[in-house]
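The block underneath contains the structure these notes are about, expressed in structure tokens.
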Amino acid sequence: MNNKESIINKIIQDATDTAASNLEKANNQAQEIISAAKQSAKDFQEQNKEKPNALASDIIARSLSVSKLDCRKLTLVAKKQIIDDIFGESIEYFRAQKSKEYVDFVNMLIEKNAQDGDVVIVCEKDKQLLDKAWLEKLAKKIKKNITLSEQVGDFNGGIILSSENYDKNLSLDLELEVLREDIEKQVSEILFEEK
């Protein structure tokens, strides 16, 4: 039995040695894996530690850029409104403060553009200033057969010459629009000191 016991002891010893060796190898491998994972995590963290800052910087830069664009848009809208108001008020100023010059201007429009048979349409605001007596006097002076329409036009000043074939829009709205195309840049430079 001694032999048998010694064989069993040998098997148990070999199994214990193998188990201990396998356990040690497994522990070593586990430590290597853990160490490699820690190093990989450390490397990843080191490589990416600037990304949150860079991402935050990008977000801030984009937000600042969008804000600047919004400010420019709002400024342009405000400037356009100011210029619109100025051009709109210029009609009222011309009509109210410079009524003689205004009438002379309308007379010149009629003298240059009226044909015999034209009907002169004035706007609501001008019907007191540019009345039938005014037009009869002007028609006699320029020797044209023109009459004043009983209808008033939906515009802000000037006139419309209406005939059977076509109308000539000589309203201040249209004249000012043409003038505005020519001088709006200069007006903007003067108002907002733009160069």
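Simple scheme: letters A, B, ... for chains in structure tokens order, numbers from 1 for residues in each chain, numbers from 1 for ligands in the order shown.
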With only C-alpha atoms as the counted atoms, please give the residues lying no more than 12 Å from A:Ile121, apart from itself and same-chain residues fewer than 5 positions off, as number ranges by chain.
A: 106, 110, 114, 126-127, 130-132, 135, 146-163, 167-171
Those residues with N, CA and C atoms, as a short mmCIF file (atom, residue, chain, number, x, y, z; two decimals), in the first residue's frame please?
data_model
loop_
_atom_site.label_atom_id
_atom_site.label_comp_id
_atom_site.auth_asym_id
_atom_site.auth_seq_id
_atom_site.Cartn_x
_atom_site.Cartn_y
_atom_site.Cartn_z
N VAL A 106 -43.76 119.49 -59.27
CA VAL A 106 -44.88 118.81 -59.93
C VAL A 106 -45.17 119.48 -61.28
N ILE A 110 -45.17 117.71 -65.04
CA ILE A 110 -46.27 117.79 -66.01
C ILE A 110 -45.78 118.41 -67.32
N ALA A 114 -46.53 115.54 -69.89
CA ALA A 114 -47.96 115.52 -70.21
C ALA A 114 -48.20 115.59 -71.72
N ASP A 126 -52.29 115.68 -51.35
CA ASP A 126 -52.04 116.85 -52.21
C ASP A 126 -53.29 117.47 -52.80
N LYS A 127 -54.45 116.91 -52.55
CA LYS A 127 -55.65 117.38 -53.25
C LYS A 127 -56.01 118.83 -52.91
N LEU A 130 -52.78 120.79 -54.88
CA LEU A 130 -52.81 120.59 -56.32
C LEU A 130 -54.27 120.41 -56.75
N ASP A 131 -54.95 121.52 -56.82
CA ASP A 131 -56.39 121.49 -57.09
C ASP A 131 -56.70 121.84 -58.55
N LYS A 132 -57.98 121.96 -58.84
CA LYS A 132 -58.44 122.22 -60.21
C LYS A 132 -57.94 123.57 -60.72
N LEU A 135 -54.30 123.34 -61.76
CA LEU A 135 -54.07 122.61 -63.00
C LEU A 135 -54.55 123.40 -64.21
N ILE A 146 -55.20 119.13 -70.50
CA ILE A 146 -55.11 118.14 -69.42
C ILE A 146 -56.16 118.47 -68.37
N THR A 147 -56.62 117.39 -67.69
CA THR A 147 -57.66 117.59 -66.67
C THR A 147 -57.26 116.89 -65.37
N LEU A 148 -57.91 117.31 -64.31
CA LEU A 148 -57.66 116.73 -63.00
C LEU A 148 -58.66 115.61 -62.74
N SER A 149 -58.15 114.46 -62.33
CA SER A 149 -59.01 113.33 -62.01
C SER A 149 -59.78 113.61 -60.72
N GLU A 150 -61.00 113.12 -60.68
CA GLU A 150 -61.77 113.26 -59.44
C GLU A 150 -61.34 112.19 -58.43
N GLN A 151 -60.69 111.15 -58.90
CA GLN A 151 -60.16 110.09 -58.04
C GLN A 151 -58.78 110.52 -57.53
N VAL A 152 -58.47 110.13 -56.32
CA VAL A 152 -57.12 110.38 -55.80
C VAL A 152 -56.34 109.07 -55.83
N GLY A 153 -55.03 109.21 -55.98
CA GLY A 153 -54.18 108.02 -56.07
C GLY A 153 -53.68 107.57 -54.71
N ASP A 154 -53.28 106.32 -54.65
CA ASP A 154 -52.75 105.73 -53.42
C ASP A 154 -51.21 105.77 -53.47
N PHE A 155 -50.68 106.97 -53.37
CA PHE A 155 -49.24 107.17 -53.35
C PHE A 155 -48.96 108.40 -52.48
N ASN A 156 -47.69 108.70 -52.25
CA ASN A 156 -47.34 109.71 -51.25
C ASN A 156 -47.00 111.09 -51.79
N GLY A 157 -47.14 111.32 -53.02
CA GLY A 157 -46.84 112.63 -53.59
C GLY A 157 -46.51 112.49 -55.05
N GLY A 158 -46.37 113.64 -55.73
CA GLY A 158 -46.16 113.60 -57.17
C GLY A 158 -47.49 113.39 -57.86
N ILE A 159 -47.42 112.84 -59.06
CA ILE A 159 -48.64 112.66 -59.86
C ILE A 159 -48.55 111.38 -60.67
N ILE A 160 -49.69 111.03 -61.23
CA ILE A 160 -49.75 110.00 -62.27
C ILE A 160 -50.49 110.63 -63.43
N LEU A 161 -49.92 110.54 -64.62
CA LEU A 161 -50.57 111.02 -65.83
C LEU A 161 -51.23 109.81 -66.48
N SER A 162 -52.53 109.86 -66.60
CA SER A 162 -53.27 108.73 -67.13
C SER A 162 -53.83 109.09 -68.50
N SER A 163 -53.67 108.16 -69.44
CA SER A 163 -54.24 108.36 -70.77
C SER A 163 -54.94 107.08 -71.18
N ASP A 167 -50.38 104.75 -68.49
CA ASP A 167 -50.21 105.70 -67.40
C ASP A 167 -48.72 105.97 -67.22
N LYS A 168 -48.42 107.19 -66.84
CA LYS A 168 -47.04 107.55 -66.50
C LYS A 168 -46.99 107.78 -65.00
N ASN A 169 -46.27 106.93 -64.31
CA ASN A 169 -46.16 107.03 -62.86
C ASN A 169 -45.04 108.01 -62.52
N LEU A 170 -45.42 109.20 -62.12
CA LEU A 170 -44.46 110.23 -61.73
C LEU A 170 -44.63 110.55 -60.24
N SER A 171 -45.00 109.51 -59.51
CA SER A 171 -45.21 109.69 -58.08
C SER A 171 -43.87 109.87 -57.38
#
The distance between atom CA of A:Glu32 and atom CA of A:Glu46 is 20.5 Å
Need to verify the contact set: A:Glu184, 12 Å, only C-alpha atoms, exclusion of same-chain residues closer than 2 positions in sequence. Can you return it as a PDB file with N, CA and C atoms, in the first residue's frame?
ATOM      1  N   LYS A  79     -30.356 100.017 -39.328  1.00  0.00           N
ATOM      2  CA  LYS A  79     -29.879 101.032 -40.284  1.00  0.00           C
ATOM      3  C   LYS A  79     -30.850 101.165 -41.454  1.00  0.00           C
ATOM      4  N   LYS A  80     -31.342 100.022 -41.948  1.00  0.00           N
ATOM      5  CA  LYS A  80     -32.295 100.066 -43.063  1.00  0.00           C
ATOM      6  C   LYS A  80     -33.560 100.804 -42.643  1.00  0.00           C
ATOM      7  N   ILE A  82     -33.842 103.120 -40.358  1.00  0.00           N
ATOM      8  CA  ILE A  82     -33.526 104.548 -40.256  1.00  0.00           C
ATOM      9  C   ILE A  82     -33.517 105.186 -41.638  1.00  0.00           C
ATOM     10  N   ILE A  83     -32.881 104.526 -42.593  1.00  0.00           N
ATOM     11  CA  ILE A  83     -32.827 105.069 -43.959  1.00  0.00           C
ATOM     12  C   ILE A  83     -34.224 105.105 -44.574  1.00  0.00           C
ATOM     13  N   ASP A  84     -35.028 104.054 -44.364  1.00  0.00           N
ATOM     14  CA  ASP A  84     -36.413 104.052 -44.848  1.00  0.00           C
ATOM     15  C   ASP A  84     -37.178 105.241 -44.276  1.00  0.00           C
ATOM     16  N   ILE A  86     -35.977 108.066 -43.112  1.00  0.00           N
ATOM     17  CA  ILE A  86     -35.458 109.328 -43.653  1.00  0.00           C
ATOM     18  C   ILE A  86     -36.021 109.595 -45.041  1.00  0.00           C
ATOM     19  N   PHE A  87     -35.988 108.590 -45.889  1.00  0.00           N
ATOM     20  CA  PHE A  87     -36.519 108.794 -47.242  1.00  0.00           C
ATOM     21  C   PHE A  87     -38.027 109.035 -47.193  1.00  0.00           C
ATOM     22  N   LEU A 176     -38.481 108.776 -55.732  1.00  0.00           N
ATOM     23  CA  LEU A 176     -37.611 108.606 -54.576  1.00  0.00           C
ATOM     24  C   LEU A 176     -36.908 107.248 -54.617  1.00  0.00           C
ATOM     25  N   GLU A 177     -37.605 106.235 -55.105  1.00  0.00           N
ATOM     26  CA  GLU A 177     -37.002 104.907 -55.226  1.00  0.00           C
ATOM     27  C   GLU A 177     -35.821 104.942 -56.197  1.00  0.00           C
ATOM     28  N   VAL A 178     -35.991 105.640 -57.322  1.00  0.00           N
ATOM     29  CA  VAL A 178     -34.909 105.780 -58.296  1.00  0.00           C
ATOM     30  C   VAL A 178     -33.759 106.584 -57.690  1.00  0.00           C
ATOM     31  N   LEU A 179     -34.095 107.690 -57.038  1.00  0.00           N
ATOM     32  CA  LEU A 179     -33.087 108.522 -56.390  1.00  0.00           C
ATOM     33  C   LEU A 179     -32.374 107.741 -55.292  1.00  0.00           C
ATOM     34  N   ARG A 180     -33.127 106.965 -54.565  1.00  0.00           N
ATOM     35  CA  ARG A 180     -32.549 106.189 -53.460  1.00  0.00           C
ATOM     36  C   ARG A 180     -31.486 105.229 -53.963  1.00  0.00           C
ATOM     37  N   GLU A 181     -31.736 104.590 -55.101  1.00  0.00           N
ATOM     38  CA  GLU A 181     -30.742 103.680 -55.677  1.00  0.00           C
ATOM     39  C   GLU A 181     -29.429 104.407 -55.921  1.00  0.00           C
ATOM     40  N   ASP A 182     -29.521 105.669 -56.317  1.00  0.00           N
ATOM     41  CA  ASP A 182     -28.317 106.443 -56.624  1.00  0.00           C
ATOM     42  C   ASP A 182     -27.604 106.966 -55.378  1.00  0.00           C
ATOM     43  N   GLN A 186     -24.373 106.891 -50.190  1.00  0.00           N
ATOM     44  CA  GLN A 186     -23.852 108.146 -49.638  1.00  0.00           C
ATOM     45  C   GLN A 186     -24.586 108.519 -48.354  1.00  0.00           C
ATOM     46  N   VAL A 187     -25.890 108.349 -48.325  1.00  0.00           N
ATOM     47  CA  VAL A 187     -26.671 108.657 -47.136  1.00  0.00           C
ATOM     48  C   VAL A 187     -26.216 107.770 -45.978  1.00  0.00           C
ATOM     49  N   SER A 188     -26.012 106.494 -46.253  1.00  0.00           N
ATOM     50  CA  SER A 188     -25.553 105.564 -45.232  1.00  0.00           C
ATOM     51  C   SER A 188     -24.176 105.958 -44.705  1.00  0.00           C
ATOM     52  N   GLU A 189     -23.280 106.357 -45.608  1.00  0.00           N
ATOM     53  CA  GLU A 189     -21.932 106.778 -45.183  1.00  0.00           C
ATOM     54  C   GLU A 189     -22.000 108.015 -44.296  1.00  0.00           C
ATOM     55  N   ILE A 190     -22.868 108.950 -44.645  1.00  0.00           N
ATOM     56  CA  ILE A 190     -23.001 110.183 -43.845  1.00  0.00           C
ATOM     57  C   ILE A 190     -23.610 109.864 -42.484  1.00  0.00           C
ATOM     58  N   LEU A 191     -24.674 109.079 -42.477  1.00  0.00           N
ATOM     59  CA  LEU A 191     -25.371 108.782 -41.231  1.00  0.00           C
ATOM     60  C   LEU A 191     -24.540 107.920 -40.278  1.00  0.00           C
ATOM     61  N   PHE A 192     -23.889 106.918 -40.840  1.00  0.00           N
ATOM     62  CA  PHE A 192     -23.233 105.935 -39.994  1.00  0.00           C
ATOM     63  C   PHE A 192     -21.712 105.991 -40.082  1.00  0.00           C
TER      64      PHE A 192
END
- Task: Extract the full set of alpha helix (DSSP H) residues from stretch 40-186 of chain A according to DSSP on the backbone, and format it as a PyMOL selection string.
- Result: chain A and resi 40-48+51-97+99-113+132-142+172-186
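For stretch 106-143 of chain A, the set of residues given strand (DSSP E or B) by DSSP on the backbone reads Val119, Val120, Ile121, Val122 and Cys123 of chain A.
Across the model, the gap from atom CA of A:Gln128 to atom CA of A:Asn113 is 22.4 Å.
The gap separating atom CA of A:Gly117 from atom CA of A:Lys144 is 7.9 Å, in Å to one decimal.
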